[in-house]
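This is coords_6.cif (mmCIF, C-alpha atoms and all ligand atoms).
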```
data_start
#
loop_
_atom_site.label_atom_id
_atom_site.label_comp_id
_atom_site.auth_asym_id
_atom_site.auth_seq_id
_atom_site.Cartn_x
_atom_site.Cartn_y
_atom_site.Cartn_z
CA MET A 24 97.86 70.34 65.93
CA ASP A 25 94.29 69.08 66.21
CA HIS A 26 91.38 71.36 66.94
CA LEU A 27 91.20 70.60 70.68
CA GLN A 28 94.89 71.26 71.10
CA ALA A 29 94.58 74.57 69.29
CA VAL A 30 91.67 75.59 71.52
CA ARG A 31 93.60 74.53 74.59
CA ALA A 32 96.59 76.62 73.55
CA ARG A 33 94.30 79.60 73.16
CA LEU A 34 92.65 79.08 76.55
CA GLY A 35 96.05 78.75 78.15
CA GLN A 36 96.75 82.36 77.22
CA VAL A 37 93.91 83.67 79.39
CA ARG A 38 95.39 85.66 82.24
CA ASP A 39 94.65 85.44 85.90
CA PRO A 40 94.00 89.16 86.42
CA GLU A 41 95.32 89.13 89.96
CA LEU A 42 98.47 87.09 89.52
CA GLY A 43 99.24 88.69 86.17
CA ALA A 44 100.26 85.44 84.47
CA THR A 45 98.50 83.07 82.10
CA LEU A 46 96.48 80.07 83.25
CA GLU A 47 98.95 77.83 81.43
CA GLU A 48 101.95 79.41 83.18
CA LEU A 49 100.21 79.09 86.51
CA GLY A 50 99.13 75.50 85.96
CA MET A 51 95.48 76.46 86.46
CA LEU A 52 94.22 75.04 83.19
CA GLY A 53 93.15 71.41 83.58
CA GLU A 54 91.62 69.05 81.08
CA VAL A 55 89.98 70.42 77.93
CA ARG A 56 87.64 67.91 76.26
CA GLU A 57 84.46 67.53 74.29
CA GLU A 58 81.37 66.01 75.88
CA SER A 59 78.36 65.58 73.59
CA GLY A 60 78.99 68.68 71.57
CA THR A 61 80.06 70.90 74.47
CA LEU A 62 83.62 71.93 75.20
CA VAL A 63 84.30 71.23 78.84
CA VAL A 64 87.19 73.12 80.44
CA ASP A 65 88.56 72.36 83.89
CA VAL A 66 90.04 75.35 85.70
CA ALA A 67 91.69 75.02 89.11
CA LEU A 68 91.32 78.06 91.40
CA THR A 69 93.38 78.84 94.47
CA THR A 70 90.35 79.06 96.76
CA ARG A 71 86.69 78.22 96.41
CA ALA A 72 85.79 81.79 97.34
CA CYS A 73 88.08 83.21 94.63
CA PRO A 74 86.70 86.72 94.04
CA LEU A 75 87.77 86.53 90.41
CA ARG A 76 86.04 83.28 89.67
CA ALA A 77 83.35 84.87 87.48
CA THR A 78 85.93 86.96 85.60
CA ILE A 79 88.14 83.97 84.89
CA GLU A 80 85.15 81.86 83.80
CA ARG A 81 84.00 84.60 81.46
CA ASP A 82 87.47 85.14 80.01
CA VAL A 83 87.84 81.41 79.34
CA GLU A 84 84.42 81.30 77.68
CA ASP A 85 85.26 84.31 75.53
CA ALA A 86 88.58 82.77 74.51
CA ALA A 87 86.83 79.51 73.58
CA ARG A 88 84.28 81.38 71.45
CA ALA A 89 87.07 83.35 69.79
CA ALA A 90 88.59 79.98 68.90
CA GLY A 91 85.36 79.00 67.16
CA VAL A 92 83.76 76.95 69.91
CA GLU A 93 80.00 77.37 70.19
CA ARG A 94 79.08 75.59 73.38
CA VAL A 95 81.46 75.82 76.30
CA GLU A 96 81.20 74.91 79.95
CA VAL A 97 83.84 75.96 82.48
CA ARG A 98 84.10 73.69 85.52
CA THR A 99 86.04 75.24 88.36
CA GLY A 100 87.72 73.23 91.07
CA VAL A 101 90.01 74.07 93.94
CA MET A 102 93.72 73.32 94.13
CA ASP A 103 95.09 71.27 96.98
CA PRO A 104 97.57 73.11 99.23
CA ALA A 105 100.60 71.62 97.44
CA ALA A 106 99.35 72.71 94.02
CA LYS A 107 98.53 76.12 95.44
CA ALA A 108 102.01 76.51 96.91
CA ALA A 109 103.50 75.50 93.56
CA LEU A 110 101.32 78.07 91.83
CA MET A 111 102.45 80.85 94.16
CA ASP A 112 106.08 79.86 93.55
CA ARG A 113 105.52 79.96 89.82
CA ALA A 114 103.76 83.33 90.00
CA ARG A 115 106.61 84.72 92.07
CA ALA A 116 109.25 83.40 89.70
CA LEU A 117 107.40 84.88 86.72
CA ALA A 118 107.08 88.24 88.43
CA GLN A 119 110.79 88.18 89.20
CA ARG A 120 111.69 87.42 85.62
CA ARG A 121 109.65 90.39 84.46
CA ALA A 122 110.96 92.74 87.14
CA PRO A 123 113.00 95.75 86.09
CA SER A 124 116.67 95.54 86.94
CA THR A 125 117.85 97.50 89.97
CA SER A 126 121.13 97.94 91.78
CA VAL A 127 119.86 95.75 94.62
CA PRO A 128 122.17 92.70 94.59
CA HIS A 129 120.52 89.45 93.52
CA GLY A 130 121.59 87.69 96.65
CA ALA A 131 120.34 90.37 99.04
CA SER A 132 117.40 89.69 101.32
CA VAL A 133 114.82 92.40 100.78
CA LEU A 134 112.50 92.81 103.75
CA MET A 135 109.47 95.08 103.68
CA VAL A 136 108.25 96.13 107.10
CA ALA A 137 104.51 96.62 106.83
CA SER A 138 101.28 96.72 108.75
CA GLY A 139 97.74 97.67 107.94
CA LYS A 140 97.89 99.76 111.08
CA GLY A 141 99.72 102.96 111.95
CA GLY A 142 101.81 103.55 115.05
CA VAL A 143 102.57 99.90 115.75
CA GLY A 144 106.34 100.42 115.60
CA LYS A 145 107.20 99.68 111.97
CA SER A 146 109.83 102.41 111.77
CA SER A 147 111.27 101.65 115.19
CA LEU A 148 111.61 97.97 114.28
CA ALA A 149 113.05 98.74 110.84
CA ALA A 150 115.70 100.89 112.53
CA GLY A 151 116.31 98.43 115.36
CA LEU A 152 116.62 95.46 113.00
CA ALA A 153 118.99 97.32 110.72
CA LEU A 154 121.25 98.16 113.67
CA ALA A 155 121.12 94.60 115.02
CA LEU A 156 121.94 93.06 111.62
CA ALA A 157 124.77 95.56 111.12
CA GLU A 158 126.14 94.73 114.59
CA ALA A 159 126.35 91.17 113.33
CA GLY A 160 128.62 92.31 110.50
CA ARG A 161 126.15 92.74 107.66
CA VAL A 162 125.80 95.64 105.25
CA VAL A 163 122.21 96.73 105.68
CA GLY A 164 120.48 99.10 103.29
CA VAL A 165 117.54 100.96 104.79
CA LEU A 166 114.98 102.52 102.51
CA ASP A 167 112.53 104.86 104.18
CA ALA A 168 109.57 104.44 101.82
CA ASP A 169 107.32 106.43 104.12
CA ILE A 170 107.62 109.45 101.85
CA TRP A 171 105.29 111.72 103.78
CA GLY A 172 105.88 110.40 107.27
CA PHE A 173 109.62 109.74 107.01
CA SER A 174 111.34 109.10 110.32
CA LEU A 175 114.38 106.89 109.74
CA ALA A 176 116.96 109.68 109.35
CA ALA A 177 116.03 110.85 112.84
CA LEU A 178 115.67 107.37 114.33
CA LEU A 179 119.07 106.26 113.06
CA ASP A 180 120.58 109.70 113.63
CA MET A 181 121.80 109.82 110.04
CA ARG A 182 120.78 113.22 108.78
CA GLU A 183 123.69 113.96 106.47
CA PRO A 184 122.45 114.90 103.01
CA VAL A 185 122.40 112.27 100.30
CA ARG A 186 125.13 112.62 97.69
CA VAL A 187 124.78 112.00 93.99
CA ARG A 188 127.50 110.09 92.13
CA GLU A 189 127.30 109.44 88.41
CA GLY A 190 123.62 110.30 88.40
CA ARG A 191 122.78 107.95 91.22
CA MET A 192 121.86 108.72 94.80
CA VAL A 193 124.38 107.26 97.22
CA PRO A 194 122.81 106.23 100.53
CA VAL A 195 124.34 107.77 103.63
CA ALA A 196 126.54 105.14 105.27
CA ARG A 197 127.47 104.63 108.91
CA ARG A 198 129.62 101.91 110.42
CA VAL A 199 127.79 99.96 113.09
CA GLY A 200 129.61 97.19 114.92
CA ALA A 201 131.28 94.97 112.36
CA GLY A 202 128.86 96.06 109.66
CA GLU A 203 127.27 99.09 108.11
CA VAL A 204 123.90 100.80 107.76
CA ARG A 205 123.16 102.68 104.52
CA LEU A 206 120.12 104.90 104.52
CA LEU A 207 117.97 106.71 102.00
CA SER A 208 115.14 108.79 103.42
CA MET A 209 113.29 111.95 102.48
CA GLY A 210 114.67 113.25 105.76
CA GLN A 211 118.12 113.48 104.19
CA LEU A 212 117.26 115.35 101.04
CA ALA A 213 118.60 118.82 101.50
CA GLU A 214 118.74 121.66 99.00
CA ASP A 215 121.76 120.49 97.07
CA ASP A 216 122.42 118.35 94.03
CA ALA A 217 120.23 115.62 95.41
CA ALA A 218 117.39 118.11 95.44
CA LEU A 219 118.26 118.94 91.83
CA LEU A 220 117.80 115.35 90.87
CA TRP A 221 114.39 115.56 92.44
CA ARG A 222 113.21 118.77 90.92
CA GLY A 223 110.06 118.28 88.91
CA LEU A 224 109.44 114.85 90.30
CA VAL A 225 106.11 113.89 91.67
CA VAL A 226 106.40 112.70 95.21
CA GLN A 227 104.62 109.49 94.28
CA LYS A 228 107.54 108.65 92.05
CA ALA A 229 109.95 109.11 94.91
CA VAL A 230 109.89 105.48 95.93
CA ALA A 231 110.69 104.30 92.44
CA GLN A 232 113.54 106.81 92.36
CA PHE A 233 114.86 105.52 95.67
CA ILE A 234 115.16 102.11 94.08
CA GLU A 235 115.96 102.76 90.45
CA ASP A 236 118.19 105.80 90.78
CA ALA A 237 120.03 104.83 93.93
CA ASP A 238 123.09 102.70 94.44
CA TRP A 239 122.28 99.74 96.67
CA SER A 240 125.14 97.60 95.46
CA GLY A 241 127.01 95.74 98.17
CA CYS A 242 124.07 95.37 100.54
CA ASP A 243 123.39 92.03 102.21
CA TYR A 244 119.98 93.17 103.36
CA LEU A 245 117.60 95.88 102.26
CA ILE A 246 115.08 96.79 104.92
CA ILE A 247 112.18 98.90 103.70
CA ASP A 248 110.03 100.87 106.10
CA THR A 249 106.57 101.62 104.72
CA PRO A 250 103.66 103.89 105.62
CA PRO A 251 100.67 102.29 107.33
CA GLY A 252 98.22 100.41 105.14
CA THR A 253 98.79 98.89 101.74
CA GLY A 254 98.63 101.58 99.09
CA ASP A 255 100.43 102.81 96.00
CA ILE A 256 103.82 102.85 97.68
CA HIS A 257 103.54 99.16 98.55
CA MET A 258 102.41 98.35 95.02
CA THR A 259 105.37 100.19 93.53
CA LEU A 260 107.75 98.36 95.86
CA ALA A 261 106.23 94.99 94.97
CA ARG A 262 106.56 95.72 91.26
CA LEU A 263 110.17 96.88 91.44
CA LEU A 264 111.35 94.34 94.01
CA PRO A 265 109.34 91.15 93.54
CA GLN A 266 111.98 89.20 95.46
CA MET A 267 110.89 91.14 98.55
CA GLY A 268 109.41 89.40 101.55
CA GLN A 269 107.00 90.99 103.96
CA LEU A 270 107.38 91.26 107.72
CA VAL A 271 103.99 92.01 109.25
CA ILE A 272 104.08 94.12 112.39
CA THR A 273 101.28 94.06 114.90
CA THR A 274 100.65 94.85 118.54
CA PRO A 275 99.15 92.31 120.95
CA ALA A 276 95.84 94.21 120.83
CA ALA A 277 92.70 92.39 119.79
CA GLY A 278 92.10 94.59 116.74
CA ALA A 279 95.18 93.09 115.13
CA ALA A 280 93.30 90.40 113.20
CA ALA A 281 92.02 92.94 110.69
CA VAL A 282 95.59 94.14 110.18
CA ALA A 283 96.66 90.62 109.35
CA ALA A 284 93.91 90.03 106.85
CA ARG A 285 94.83 93.18 104.95
CA ALA A 286 98.56 92.54 104.91
CA GLY A 287 98.06 88.92 103.85
CA ASP A 288 95.65 89.94 101.15
CA PHE A 289 98.06 92.51 99.80
CA ALA A 290 100.89 89.98 99.77
CA ARG A 291 98.77 87.50 97.83
CA ARG A 292 97.73 90.06 95.26
CA SER A 293 101.34 91.06 94.75
CA ASN A 294 102.84 87.55 94.79
CA LEU A 295 104.87 88.46 97.82
CA ARG A 296 105.92 86.02 100.47
CA VAL A 297 104.91 86.83 104.02
CA LEU A 298 108.04 85.95 105.96
CA GLY A 299 106.50 86.17 109.37
CA VAL A 300 104.86 88.30 112.01
CA ILE A 301 106.56 90.45 114.62
CA GLU A 302 104.61 91.51 117.67
CA ASN A 303 105.69 94.85 119.10
CA MET A 304 104.70 96.49 122.37
CA SER A 305 104.31 93.04 123.90
CA PRO A 306 103.80 92.46 127.64
CA PHE A 307 106.82 93.29 129.82
CA THR A 308 107.92 92.66 133.39
CA CYS A 309 108.81 95.75 135.40
CA GLU A 310 111.62 96.10 137.93
CA ALA A 311 109.25 95.08 140.71
CA GLY A 312 108.72 91.79 138.89
CA VAL A 313 105.14 92.57 137.91
CA ARG A 314 103.99 91.64 134.43
CA HIS A 315 102.19 94.37 132.49
CA ALA A 316 100.18 93.90 129.31
CA PRO A 317 98.70 97.32 128.49
CA PHE A 318 97.99 96.32 124.90
CA GLY A 319 96.57 92.93 125.80
CA GLU A 320 97.96 89.64 124.61
CA GLY A 321 97.94 87.25 121.72
CA GLY A 322 97.71 89.60 118.72
CA GLY A 323 100.93 88.32 117.18
CA GLU A 324 99.93 84.67 117.56
CA ARG A 325 96.54 85.38 116.07
CA VAL A 326 97.91 87.24 113.06
CA ALA A 327 100.55 84.57 112.45
CA ARG A 328 97.93 81.83 112.59
CA GLU A 329 95.67 83.68 110.22
CA LEU A 330 98.46 84.18 107.70
CA GLY A 331 99.83 80.68 108.17
CA VAL A 332 103.33 81.93 109.05
CA ASP A 333 105.56 82.01 112.14
CA LEU A 334 105.52 84.59 114.89
CA LEU A 335 109.18 85.56 114.53
CA GLY A 336 109.51 87.60 117.67
CA GLN A 337 107.87 89.63 120.42
CA ILE A 338 109.41 92.97 121.32
CA PRO A 339 108.30 94.08 124.78
CA LEU A 340 106.83 97.48 125.41
CA ASN A 341 109.34 99.78 126.97
CA GLU A 342 108.45 102.77 129.07
CA ASP A 343 111.52 104.83 128.25
CA PRO A 344 110.28 107.66 126.03
CA ASP A 345 113.62 108.21 124.31
CA MET A 346 113.37 106.24 121.09
CA LEU A 347 116.22 103.91 120.18
CA GLN A 348 118.30 105.25 123.04
CA GLY A 349 115.21 104.08 124.90
CA PRO A 350 112.62 101.54 123.80
CA LEU A 351 114.53 99.49 121.35
CA ARG A 352 117.83 99.51 123.14
CA ALA A 353 116.14 98.41 126.30
CA SER A 354 114.22 95.86 124.25
CA GLY A 355 117.60 94.99 122.80
CA GLU A 356 117.64 91.37 123.85
CA ALA A 357 114.38 90.59 122.08
CA LEU A 358 115.58 92.52 119.04
CA ALA A 359 118.92 90.72 118.96
CA ALA A 360 117.11 87.38 119.15
CA LEU A 361 114.87 88.45 116.29
CA ALA A 362 117.86 89.57 114.23
CA ALA A 363 119.59 86.26 114.93
CA ARG A 364 116.52 84.46 113.67
CA LEU A 365 116.46 86.58 110.52
CA LEU A 366 120.17 85.92 110.00
CA ASP A 367 119.47 82.25 110.31
CA GLU A 368 116.32 81.92 108.26
CA LEU A 369 116.49 84.85 105.91
CA ALA A 370 120.16 84.90 105.19
CA PRO A 371 121.07 86.63 101.95
CA ARG A 372 120.38 83.97 99.38
CA ASP A 373 123.89 83.72 98.01
CA LEU A 374 125.20 82.83 101.43
CA SER A 375 122.48 80.38 102.33
CA GLY A 376 123.70 77.47 100.22
CA CYS A 377 120.26 75.92 100.51
CA SER A 378 119.60 72.85 98.44
CA ALA A 379 116.94 74.48 96.26
CA ARG A 380 119.42 77.17 95.29
CA LEU A 381 122.12 74.62 94.53
CA LEU A 382 119.69 72.61 92.43
CA GLU A 383 118.82 75.74 90.48
CA ARG A 384 122.49 76.33 89.74
CA VAL A 385 123.07 72.74 88.68
CA GLU A 386 120.07 72.96 86.36
CA ALA A 387 121.30 76.25 84.94
CA ALA A 388 124.77 74.81 84.36
CA LEU A 389 123.29 71.75 82.66
CA ALA A 390 121.10 73.97 80.47
CA ASP A 391 124.15 76.03 79.52
CA SER A 392 126.20 73.02 78.55
CA ALA A 393 123.35 71.41 76.59
N1 LIG B 1 108.59 98.43 121.92
C1 LIG B 1 108.25 99.71 122.13
N2 LIG B 1 108.09 100.18 123.39
C2 LIG B 1 107.72 101.45 123.61
N3 LIG B 1 107.47 102.35 122.66
C3 LIG B 1 107.60 101.95 121.38
C4 LIG B 1 107.99 100.62 121.05
N4 LIG B 1 108.02 100.53 119.71
C5 LIG B 1 107.67 101.73 119.23
N5 LIG B 1 107.42 102.60 120.24
C6 LIG B 1 106.96 103.99 120.13
O1 LIG B 1 105.71 103.99 119.48
C7 LIG B 1 105.58 105.12 118.64
C8 LIG B 1 105.26 104.64 117.22
O2 LIG B 1 106.37 103.94 116.72
P1 LIG B 1 106.79 104.02 115.20
O3 LIG B 1 106.85 105.41 114.73
O4 LIG B 1 107.98 103.16 115.04
O5 LIG B 1 105.50 103.32 114.57
P2 LIG B 1 105.07 103.22 113.03
O6 LIG B 1 104.32 101.97 112.88
O7 LIG B 1 106.27 103.40 112.18
O8 LIG B 1 104.13 104.47 112.91
P3 LIG B 1 103.56 105.11 111.54
O9 LIG B 1 102.46 104.19 111.12
O10 LIG B 1 103.09 106.45 111.95
O11 LIG B 1 104.69 105.13 110.57
C9 LIG B 1 106.88 105.86 118.72
O12 LIG B 1 106.73 106.90 119.62
C10 LIG B 1 107.87 104.85 119.27
O13 LIG B 1 108.87 105.45 120.05
MG MG B 2 106.64 104.75 110.62
#
```

Is it possible to give me this structure as structure tokens?
Amino acid sequence: MDHLQAVRARLGQVRDPELGATLEELGMLGEVREESGTLVVDVALTTRACPLRATIERDVEDAARAAGVERVEVRTGVMDPAAKAALMDRARALAQRRAPSTSVPHGASVLMVASGKGGVGKSSLAAGLALALAEAGRVVGVLDADIWGFSLAALLDMREPVRVREGRMVPVARRVGAGEVRLLSMGQLAEDDAALLWRGLVVQKAVAQFIEDADWSGCDYLIIDTPPGTGDIHMTLARLLPQMGQLVITTPAAGAAAVAARAGDFARRSNLRVLGVIENMSPFTCEAGVRHAPFGEGGGERVARELGVDLLGQIPLNEDPDMLQGPLRASGEALAALAARLLDELAPRDLSGCSARLLERVEAALADSA
């Protein structure tokens, strides 16, 4: 290996601190060459305004010096959208390879319901979507990751205590239509052996326990309700379930743009895919045929545009105060349409038969037989 190659190999090991992978793995390291006694290194960043630009430059310079180079110049450029998309795919795949193993089936679609904002209907939609997907014959796991503000046991009316089998928590199951909903929520943890399993545990660890020490086998979907914002709980989820996609919930209100920015930013930092935006509490038409828009209009569109994803559905505001028996059942049509779209576009991966998946299998088979 000549000197330049050796230096390049060393520089390739520099990590992108945000994406947690090396520049080489991420395809960010460009040409490395010598120009009149100076080592010139091309580094491609995802955006011009990359907040970590200075850190990456400094790390590359340090690595070059450690490899015995005296004069080094880092030239940063910006990736085109295709290269950027490829980078995100690579980062995601790397994160998945490093992820701890869980009982969540490989083929299951894991959907995190999130919003930077509280009270926008995350829990209601998580419950409503789970019911709608179960109606359509799917086995839907529901993880209430809102440890302090849990509400799913009440919303789904599934308050039976969680059982423990062979050291693992078994979600409470209920048949719904042709399918099943299986729930784990703090709201179900009574003073029995489940509580024993919890004794001495810090609440912060609860989410990890809900994933690592629970039996989610057999689920087609895992819907995860989260507390408002993007904090430790979201980070833990992203680390344990890197295959997870994010559904961003917003209301039509004007303040929604800030919500979007935060959710999108979190997703990027955690290599998560934003699957789409759902607008809740959207304008509705009353019995007298009058259209009402108490929360304004356009929030969902705006957030979707900002994140560069689709607005997957709009769930109208409903005046019935009785949750689930009320709002979401009455908004049932919009919810069913949303569920149908999720079934279509976010089908559990093993069932999707998409060409990328097939290609992957062919490649794996070829690699095995080589
Ligand atoms: N489409 C709707 N129409 C009318 N009321 C709704 C609708 N969706 C949710 N609600 C009501 O809004 C309130 C907040 O909903 P929910 O608890 O689901 O929000 P959240 O985002 O989970 O809140 P938090 O951030 O506190 O967890 C609840 O009282 C719920 O019944
Ligand atoms: Mg909630």

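Atom to atom, CA of Arg71 in chain A and CA of Asp103 in chain A stand 10.9 Å apart.
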
Which residues are near Gly35 in chain A? Cut-off 10 Å, all atoms listed in the file, ignore same chain within fewer than 3 positions. Put them as a count of residues only.
16

Can you check which parts of chain A lie within 6 Å of ligand LIG 1 (chain B)? Per residue, the shortest pair of atoms and distance in Å to one decimal, counting all atoms listed in the file, sorted by chain and number, as a Markdown table.
```
| residue | atom | partner | partner_atom | distance |
| --- | --- | --- | --- | --- |
| A:Gly141 | CA | B:LIG1 | O9 | 3.1 |
| A:Gly142 | CA | B:LIG1 | O8 | 3.3 |
| A:Val143 | CA | B:LIG1 | O6 | 3.9 |
| A:Gly144 | CA | B:LIG1 | O5 | 3.2 |
| A:Lys145 | CA | B:LIG1 | O6 | 3.8 |
| A:Ser146 | CA | B:LIG1 | O7 | 3.7 |
| A:Ser147 | CA | B:LIG1 | O4 | 3.6 |
| A:Pro250 | CA | B:LIG1 | O11 | 5.2 |
| A:Pro251 | CA | B:LIG1 | O9 | 4.6 |
| A:Asn303 | CA | B:LIG1 | N1 | 5.4 |
| A:Met304 | CA | B:LIG1 | N1 | 4.4 |
| A:Ile338 | CA | B:LIG1 | N1 | 5.6 |
| A:Pro339 | CA | B:LIG1 | N1 | 5.2 |
| A:Leu340 | CA | B:LIG1 | N2 | 3.6 |
| A:Asn341 | CA | B:LIG1 | N2 | 3.8 |
| A:Glu342 | CA | B:LIG1 | C2 | 5.7 |
| A:Met346 | CA | B:LIG1 | O13 | 4.7 |
| A:Pro350 | CA | B:LIG1 | N2 | 4.7 |
```

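Of the listed residues (A:Lys140, A:Arg81, A:His26, A:Lys107), A:Lys140 comes nearest to ligand MG 2 (chain B); the distances count all atoms listed in the file.
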
Give as a PyMOL selection string the residues surrounding ligand MG 2 (chain B) up to a distance of 12 Å, considering only C-alpha atoms and all ligand atoms.
chain A and resi 136-150+166-178+208+247-252+272

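You will find CA of Gly355 in chain A at 25.4 Å from CA of Val282 in chain A.
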
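Nearest residue to Gly299 in chain A, choosing from A:Met111, A:Ala105, A:Leu270, A:Ala77 and counting all atoms listed in the file: A:Leu270.
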
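If only C-alpha atoms are the atoms counted, then among A:Leu117, A:Val204, A:Leu295, A:Val165 the closest residue to Met258 in chain A is A:Leu295.
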
What separates CA of Ala357 in chain A and CA of Gln337 in chain A is a distance of 6.8 Å

The residues within 7 Å of (118.8, 116.2, 104.5), using only C-alpha atoms and the coordinates of the file, should be reported as a VMD selection string; which are they?
chain A and resid 182 to 185 210 to 213

Once you have the residues from the selection above, write them out as a PDB file, keeping the file's coordinate frame, restricted to C-alpha atoms.
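Done, and the output landed in out35.pdb:
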```pdb
ATOM      1  CA  ARG A 182     120.780 113.220 108.780  1.00  0.00           C
ATOM      2  CA  GLU A 183     123.690 113.960 106.470  1.00  0.00           C
ATOM      3  CA  PRO A 184     122.450 114.900 103.010  1.00  0.00           C
ATOM      4  CA  VAL A 185     122.400 112.270 100.300  1.00  0.00           C
ATOM      5  CA  GLY A 210     114.670 113.250 105.760  1.00  0.00           C
ATOM      6  CA  GLN A 211     118.120 113.480 104.190  1.00  0.00           C
ATOM      7  CA  LEU A 212     117.260 115.350 101.040  1.00  0.00           C
ATOM      8  CA  ALA A 213     118.600 118.820 101.500  1.00  0.00           C
TER       9      ALA A 213
END
```

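Take the candidates A:Arg364, A:Arg296, A:Arg94, A:His257 and check each one against Glu57 in chain A using all atoms listed in the file; the shortest distance goes to A:Arg94.
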
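The shortest atom-to-atom distance to Leu34 in chain A, with all atoms listed in the file taken into account, belongs to A:Gly91 out of A:Gly323, A:Gly91, A:Gly254, A:Gly331.
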
Surrounding residues of Asn294 in chain A excluding itself and chain neighbours under 3 positions, 7 Å, all atoms listed in the file, as an NGL selection string
:A and (42 or 111 or 114-115 or 290-291)

Would you list the residues near (88.7, 66.0, 80.1) (no more than 12 Å away, in the coordinates of the file, using only C-alpha atoms) as a PDB file with C-alpha atoms, in the frame of the given file?
```pdb
ATOM      1  CA  LEU A  27      91.200  70.600  70.680  1.00  0.00           C
ATOM      2  CA  ARG A  31      93.600  74.530  74.590  1.00  0.00           C
ATOM      3  CA  LEU A  52      94.220  75.040  83.190  1.00  0.00           C
ATOM      4  CA  GLY A  53      93.150  71.410  83.580  1.00  0.00           C
ATOM      5  CA  GLU A  54      91.620  69.050  81.080  1.00  0.00           C
ATOM      6  CA  VAL A  55      89.980  70.420  77.930  1.00  0.00           C
ATOM      7  CA  ARG A  56      87.640  67.910  76.260  1.00  0.00           C
ATOM      8  CA  GLU A  57      84.460  67.530  74.290  1.00  0.00           C
ATOM      9  CA  GLU A  58      81.370  66.010  75.880  1.00  0.00           C
ATOM     10  CA  THR A  61      80.060  70.900  74.470  1.00  0.00           C
ATOM     11  CA  LEU A  62      83.620  71.930  75.200  1.00  0.00           C
ATOM     12  CA  VAL A  63      84.300  71.230  78.840  1.00  0.00           C
ATOM     13  CA  VAL A  64      87.190  73.120  80.440  1.00  0.00           C
ATOM     14  CA  ASP A  65      88.560  72.360  83.890  1.00  0.00           C
ATOM     15  CA  VAL A  66      90.040  75.350  85.700  1.00  0.00           C
ATOM     16  CA  GLU A  96      81.200  74.910  79.950  1.00  0.00           C
ATOM     17  CA  VAL A  97      83.840  75.960  82.480  1.00  0.00           C
ATOM     18  CA  ARG A  98      84.100  73.690  85.520  1.00  0.00           C
TER      19      ARG A  98
END
```
